[in-house]
Each structure stands twice: as C-alpha cells, then as structure tokens.
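Visitor: So that you have it, the file is start.cif, and it contains mmCIF, C-alpha atoms:
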data_final
loop_
_atom_site.label_atom_id
_atom_site.label_comp_id
_atom_site.auth_asym_id
_atom_site.auth_seq_id
_atom_site.Cartn_x
_atom_site.Cartn_y
_atom_site.Cartn_z
CA MET A 1 -18.00 -13.18 -23.60
CA ALA A 2 -21.73 -12.55 -23.26
CA LEU A 3 -22.32 -14.02 -26.71
CA LEU A 4 -20.33 -17.11 -25.77
CA LEU A 5 -22.35 -17.57 -22.59
CA ARG A 6 -25.62 -17.08 -24.47
CA SER A 7 -24.60 -19.63 -27.09
CA MET A 8 -23.76 -22.15 -24.39
CA LEU A 9 -26.99 -21.60 -22.49
CA ARG A 10 -29.33 -21.58 -25.52
CA PRO A 11 -27.75 -23.75 -28.24
CA ALA A 12 -31.08 -24.75 -29.82
CA VAL A 13 -32.23 -21.15 -30.31
CA LEU A 14 -29.15 -19.86 -32.16
CA SER A 15 -28.74 -20.59 -35.84
CA ARG A 16 -25.49 -22.01 -37.17
CA THR A 17 -24.30 -18.59 -38.46
CA GLN A 18 -24.88 -16.93 -35.10
CA ALA A 19 -22.94 -19.64 -33.27
CA CYS A 20 -19.91 -19.10 -35.55
CA VAL A 21 -19.77 -15.40 -34.68
CA VAL A 22 -18.02 -16.31 -31.43
CA TYR A 23 -15.13 -18.04 -33.18
CA ARG A 24 -14.80 -15.65 -36.11
CA HIS A 25 -12.96 -13.03 -33.99
CA ALA A 26 -10.54 -15.46 -32.35
CA VAL A 27 -6.89 -14.74 -33.15
CA PRO A 28 -4.37 -17.60 -33.16
CA MET A 29 -1.36 -17.18 -30.91
CA GLY A 30 1.72 -16.32 -32.95
CA THR A 31 4.56 -17.07 -30.56
CA SER A 32 4.99 -18.86 -27.31
CA THR A 33 5.57 -17.16 -24.00
CA LYS A 34 9.12 -18.52 -23.87
CA GLU A 35 9.98 -16.88 -27.19
CA ASP A 36 8.43 -13.56 -26.10
CA THR A 37 10.33 -13.66 -22.82
CA SER A 38 13.66 -14.35 -24.51
CA LYS A 39 13.03 -11.51 -27.01
CA PHE A 40 12.26 -9.16 -24.12
CA TRP A 41 15.44 -10.00 -22.19
CA ASP A 42 17.60 -9.94 -25.35
CA LYS A 43 16.29 -6.45 -26.18
CA ASN A 44 16.94 -5.24 -22.62
CA ALA A 45 20.49 -6.64 -22.70
CA ARG A 46 21.15 -5.08 -26.12
CA LEU A 47 19.92 -1.67 -24.90
CA LYS A 48 21.85 -2.07 -21.60
CA ARG A 49 18.74 -1.41 -19.49
CA PRO A 50 19.02 -1.94 -15.73
CA LEU A 51 16.90 -4.62 -14.07
CA SER A 52 15.13 -2.23 -11.67
CA PRO A 53 15.16 1.27 -13.11
CA HIS A 54 12.85 2.63 -10.42
CA ILE A 55 15.62 2.21 -7.82
CA SER A 56 18.41 3.76 -9.84
CA ILE A 57 16.52 6.46 -11.75
CA TYR A 58 14.15 8.09 -9.26
CA SER A 59 15.53 10.22 -6.49
CA TRP A 60 13.95 9.86 -3.06
CA SER A 61 11.49 12.62 -2.24
CA ILE A 62 9.34 13.55 0.72
CA PRO A 63 6.05 12.43 -0.92
CA MET A 64 7.60 9.09 -1.89
CA MET A 65 8.94 8.43 1.59
CA MET A 66 5.67 9.54 3.18
CA SER A 67 3.67 7.22 0.94
CA ILE A 68 5.87 4.29 1.89
CA SER A 69 5.76 5.16 5.59
CA HIS A 70 1.96 5.64 5.47
CA ARG A 71 1.61 2.10 4.18
CA GLY A 72 4.14 0.87 6.73
CA THR A 73 2.35 2.49 9.64
CA GLY A 74 -0.94 1.06 8.39
CA VAL A 75 0.54 -2.45 8.35
CA ALA A 76 2.18 -1.89 11.75
CA LEU A 77 -1.05 -0.63 13.31
CA SER A 78 -3.18 -3.46 11.98
CA SER A 79 -0.53 -6.01 12.99
CA GLY A 80 -0.24 -4.47 16.46
CA ILE A 81 -4.00 -4.49 17.00
CA SER A 82 -4.19 -8.10 15.82
CA LEU A 83 -1.34 -9.16 18.11
CA PHE A 84 -2.90 -7.31 21.04
CA ALA A 85 -6.25 -9.01 20.44
CA LEU A 86 -4.61 -12.41 20.05
CA SER A 87 -2.61 -11.93 23.23
CA ALA A 88 -5.77 -10.91 25.09
CA LEU A 89 -7.30 -14.22 24.05
CA VAL A 90 -4.25 -16.38 24.77
CA LEU A 91 -2.67 -14.88 27.90
CA PRO A 92 -4.03 -16.02 31.26
CA GLY A 93 -5.79 -13.51 33.49
CA ASP A 94 -7.37 -10.22 32.59
CA PHE A 95 -5.90 -6.90 31.46
CA ALA A 96 -5.42 -5.61 35.01
CA SER A 97 -3.32 -8.61 36.04
CA ASN A 98 -1.18 -8.32 32.89
CA LEU A 99 -0.72 -4.61 33.53
CA GLU A 100 0.50 -5.40 37.04
CA VAL A 101 3.11 -7.75 35.56
CA VAL A 102 4.42 -4.87 33.41
CA ARG A 103 4.41 -2.49 36.41
CA SER A 104 6.32 -5.02 38.51
CA LEU A 105 9.20 -4.84 36.02
CA SER A 106 9.86 -1.31 37.41
CA LEU A 107 11.04 0.13 34.11
CA GLY A 108 12.60 3.58 34.20
CA PRO A 109 10.71 6.71 33.14
CA ALA A 110 12.89 7.19 30.06
CA LEU A 111 12.05 3.70 28.79
CA ILE A 112 8.35 4.15 29.51
CA TYR A 113 8.31 7.55 27.74
CA SER A 114 10.15 6.05 24.74
CA ALA A 115 7.73 3.12 24.57
CA LYS A 116 4.73 5.46 24.74
CA PHE A 117 6.21 7.64 21.98
CA THR A 118 6.89 4.54 19.87
CA LEU A 119 3.25 3.52 20.23
CA ALA A 120 1.83 7.02 19.72
CA PHE A 121 3.82 8.07 16.64
CA PRO A 122 2.42 5.55 14.12
CA VAL A 123 -1.13 6.34 15.26
CA ALA A 124 -0.60 10.11 14.97
CA TYR A 125 1.28 9.89 11.67
CA HIS A 126 -1.24 7.56 10.05
CA THR A 127 -4.12 9.74 11.27
CA PHE A 128 -2.70 13.05 10.04
CA ASN A 129 -1.50 11.58 6.75
CA GLY A 130 -4.94 9.99 6.31
CA ILE A 131 -6.49 13.44 6.70
CA ARG A 132 -4.03 14.67 4.07
CA HIS A 133 -5.17 11.88 1.74
CA LEU A 134 -8.79 12.81 2.37
CA MET A 135 -7.98 16.37 1.30
CA TRP A 136 -6.47 14.94 -1.87
CA ASP A 137 -9.66 12.94 -2.43
CA ILE A 138 -11.59 16.21 -2.30
CA GLY A 139 -9.21 17.56 -4.93
CA LYS A 140 -7.19 20.01 -2.85
CA GLY A 141 -3.41 20.22 -2.41
CA PHE A 142 -2.12 18.60 -5.60
CA ARG A 143 0.38 21.30 -6.57
CA ILE A 144 3.97 20.31 -5.80
CA PRO A 145 4.61 23.11 -3.25
CA GLU A 146 1.36 22.20 -1.47
CA VAL A 147 2.31 18.50 -1.43
CA TYR A 148 5.62 19.30 0.26
CA ARG A 149 4.07 21.82 2.65
CA SER A 150 1.35 19.40 3.73
CA GLY A 151 3.96 16.66 4.09
CA TYR A 152 6.09 18.75 6.42
CA ALA A 153 2.94 19.76 8.34
CA VAL A 154 1.99 16.09 8.79
CA ILE A 155 5.46 15.24 10.09
CA LEU A 156 5.48 18.22 12.49
CA LEU A 157 1.96 17.54 13.79
CA SER A 158 2.76 13.85 14.21
CA LEU A 159 5.89 14.57 16.22
CA LEU A 160 4.24 17.20 18.42
CA SER A 161 1.16 15.12 19.16
CA SER A 162 3.28 12.01 19.81
CA PHE A 163 5.44 13.91 22.32
CA ALA A 164 2.27 15.24 23.98
CA LEU A 165 0.66 11.80 24.14
CA ALA A 166 3.83 10.24 25.52
CA ALA A 167 3.98 12.89 28.24
CA LEU A 168 0.55 11.90 29.58
#
What is this structure when it is put down as structure tokens?
Guide:
Amino acid sequence: MALLLRSMLRPAVLSRTQACVVYRHAVPMGTSTKEDTSKFWDKNARLKRPLSPHISIYSWSIPMMMSISHRGTGVALSSGISLFALSALVLPGDFASNLEVVRSLSLGPALIYSAKFTLAFPVAYHTFNGIRHLMWDIGKGFRIPEVYRSGYAVILLSLLSSFALAAL
C-alpha cells in the first residue's frame, strides 16, 4: 500500500520497473462471491450443520450470563443517564418541582423500595463486575474456580449493596 501511494505521489521519480512492482503481486479473483456463498451453504447442508451452533452447542454458564448482563447493565445505565438528561432539558420547571410531582402521587413504600432497588442494582452490579474486569486486566483470577467464585461474589455484593441503598 505504501509503495502504491509513493508511486502515485511521485510518478516522475520512479522508473518503469519500480512502478510495475505494485502490480506484479496482484492476484486475479478466481470465483465470484455468489459462487463462494453457494459452495459454503451447500457444504453446510451436506454436513447437516445447524445455522447457529453457538445457541445449540454451548451450555449457559455463570461467566457467560454475567458477561451478557454486564453489557446489558452498561447499555441500561448509559440509556438511563441520557434519558434523564434529556428529560431535564425538555420538562418544564426544575428538579424540585418535578420531584414534588412524584411525591404527590403518594406511592406506597413497597413500590418506592422496589423502584429504588431497580435503580440501584444495575449501578452496583456494573460497578462490582467492572472491578472484577479490572482484576482480570491485571492478570488475576483467570482460573475457572476463581472465575466462578468472583462471579458469585459480584452477584452477592450487588444484591447486598442494592438492598442497602434501597433502604436509605
């Protein structure tokens, strides 16, 4: 690629043999994409391969579910913060007046506690699992028993801290 760019930028400097070096290594395409695709699907049909082997072959495990839920909580947190910021810009009044509207609904304590837990759990889970990922970045905790132990610890700490935050 660099030779091609150099030959385009300085055509007068290169001799004819140097300019041909770029094209000497080019390989003609043998088949079209349509032919390759049909060969691929014919081979898969002949070997009776499933369409999505990752769904049918792999069994669900704690690390797999925690990885998916870590990404999900990250998306939920960033979406929630964005929606909160957008609503702060769009809704009339300030935060205190909007909080008074929520208080005037006179929701029961069970509903308020559940809502607080629902808000606290993704924050706690994503935080503790992020710390777990930072430990992995350091190079600690890669053995399978340690992965499961740290996973259960993250779940337990997330639940306990979410209950404590909801109780405030």
Visitor: Using the chain letters and residue numbers of this document, give as a VMD selection string the residues selected by the PyMOL selection byres ((chain A and resi 124) around 10).
Guide: chain A and resid 73 119 to 123 125 to 130 154 to 155 157 to 162 165
Visitor: When you count only C-alpha atoms, which of these residues is closest to Lys116 in chain A: A:Ala166, A:Val147, A:Leu89, A:Ile57?
Guide: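 Looking only at the distances to Lys116 in chain A, the closest residue turns out to be A:Ala166.
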Visitor: Could you jot down the CA of Glu146 in chain A to CA of Trp60 in chain A separation for me, Å, one decimal place?
Guide: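 Taking CA of Glu146 in chain A and CA of Trp60 in chain A, their separation equals 17.7 Å.
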Visitor: As a list in words, please: the residues near range 62-64 of chain A (cut-off 8 Å, all atoms listed in the file, same-chain neighbours under 3 positions excluded).
Guide: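 So, after excluding close chain neighbours, the residues are Ser67, Ile68, Val147, Tyr148 and Gly151 of chain A.
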Visitor: Could you please determine the separation between CA of Met66 in chain A and CA of Ser79 in chain A in Å, to one decimal place?
Guide: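 Between CA of Met66 in chain A and CA of Ser79 in chain A the gap works out to 19.4 Å.
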Visitor: Quick one, how far is CA of Pro145 in chain A from CA of His133 in chain A?
Guide: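 Computing the Euclidean distance for CA of Pro145 in chain A and CA of His133 in chain A yields 15.7 Å.
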Visitor: Taking every listed atom of range 97-108 of chain A and adding 3 Å to each side, what centre and edge lengths in Å (one decimal) does the axis-aligned box have, as AutoDock Vina command-line options?
Guide:
--center_x 4.6 --center_y -2.5 --center_z 35.7 --size_x 21.9 --size_y 18.2 --size_z 11.6
Visitor: Of the candidates A:Ala153, A:Leu168, A:Met65, A:Lys39, which shows the shortest atom-to-atom distance to Phe117 in chain A, using only C-alpha atoms?
Guide: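 Answer, going by the shortest atom-to-atom distance: A:Leu168.
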Visitor: Could range 139-154 of chain A be completed with N, CA, C and O atoms and written as a short mmCIF file (atom, residue, chain, number, x, y, z; two decimals), keeping the file's coordinate frame, please?
Guide:
data_model
loop_
_atom_site.label_atom_id
_atom_site.label_comp_id
_atom_site.auth_asym_id
_atom_site.auth_seq_id
_atom_site.Cartn_x
_atom_site.Cartn_y
_atom_site.Cartn_z
N GLY A 139 -9.79 16.88 -3.78
CA GLY A 139 -9.21 17.56 -4.93
C GLY A 139 -8.36 18.76 -4.55
O GLY A 139 -8.05 19.59 -5.40
N LYS A 140 -7.98 18.87 -3.31
CA LYS A 140 -7.19 20.01 -2.85
C LYS A 140 -5.76 19.56 -2.53
O LYS A 140 -5.53 18.47 -2.04
N GLY A 141 -4.80 20.45 -2.82
CA GLY A 141 -3.41 20.22 -2.41
C GLY A 141 -2.58 19.39 -3.36
O GLY A 141 -1.65 18.71 -2.92
N PHE A 142 -2.87 19.41 -4.65
CA PHE A 142 -2.12 18.60 -5.60
C PHE A 142 -0.89 19.29 -6.18
O PHE A 142 -0.06 18.63 -6.80
N ARG A 143 -0.80 20.60 -6.02
CA ARG A 143 0.38 21.30 -6.57
C ARG A 143 1.61 20.89 -5.77
O ARG A 143 1.52 20.63 -4.56
N ILE A 144 2.74 20.82 -6.43
CA ILE A 144 3.97 20.31 -5.80
C ILE A 144 4.33 21.08 -4.53
O ILE A 144 4.63 20.46 -3.51
N PRO A 145 4.30 22.42 -4.51
CA PRO A 145 4.61 23.11 -3.25
C PRO A 145 3.63 22.75 -2.13
O PRO A 145 4.04 22.60 -0.97
N GLU A 146 2.35 22.57 -2.48
CA GLU A 146 1.36 22.20 -1.47
C GLU A 146 1.60 20.78 -0.96
O GLU A 146 1.38 20.50 0.22
N VAL A 147 2.03 19.88 -1.84
CA VAL A 147 2.31 18.50 -1.43
C VAL A 147 3.44 18.48 -0.41
O VAL A 147 3.35 17.81 0.62
N TYR A 148 4.50 19.24 -0.68
CA TYR A 148 5.62 19.30 0.26
C TYR A 148 5.24 19.99 1.57
O TYR A 148 5.59 19.53 2.65
N ARG A 149 4.48 21.10 1.46
CA ARG A 149 4.07 21.82 2.65
C ARG A 149 3.18 20.96 3.54
O ARG A 149 3.35 20.90 4.76
N SER A 150 2.23 20.27 2.93
CA SER A 150 1.35 19.40 3.73
C SER A 150 2.12 18.21 4.30
O SER A 150 1.82 17.75 5.40
N GLY A 151 3.13 17.75 3.57
CA GLY A 151 3.96 16.66 4.09
C GLY A 151 4.74 17.07 5.32
O GLY A 151 4.78 16.35 6.32
N TYR A 152 5.35 18.24 5.25
CA TYR A 152 6.09 18.75 6.42
C TYR A 152 5.14 19.02 7.59
O TYR A 152 5.49 18.79 8.75
N ALA A 153 3.92 19.51 7.27
CA ALA A 153 2.94 19.76 8.34
C ALA A 153 2.52 18.45 9.01
O ALA A 153 2.38 18.40 10.24
N VAL A 154 2.36 17.39 8.23
CA VAL A 154 1.99 16.09 8.79
C VAL A 154 3.10 15.58 9.71
O VAL A 154 2.83 15.10 10.82
#
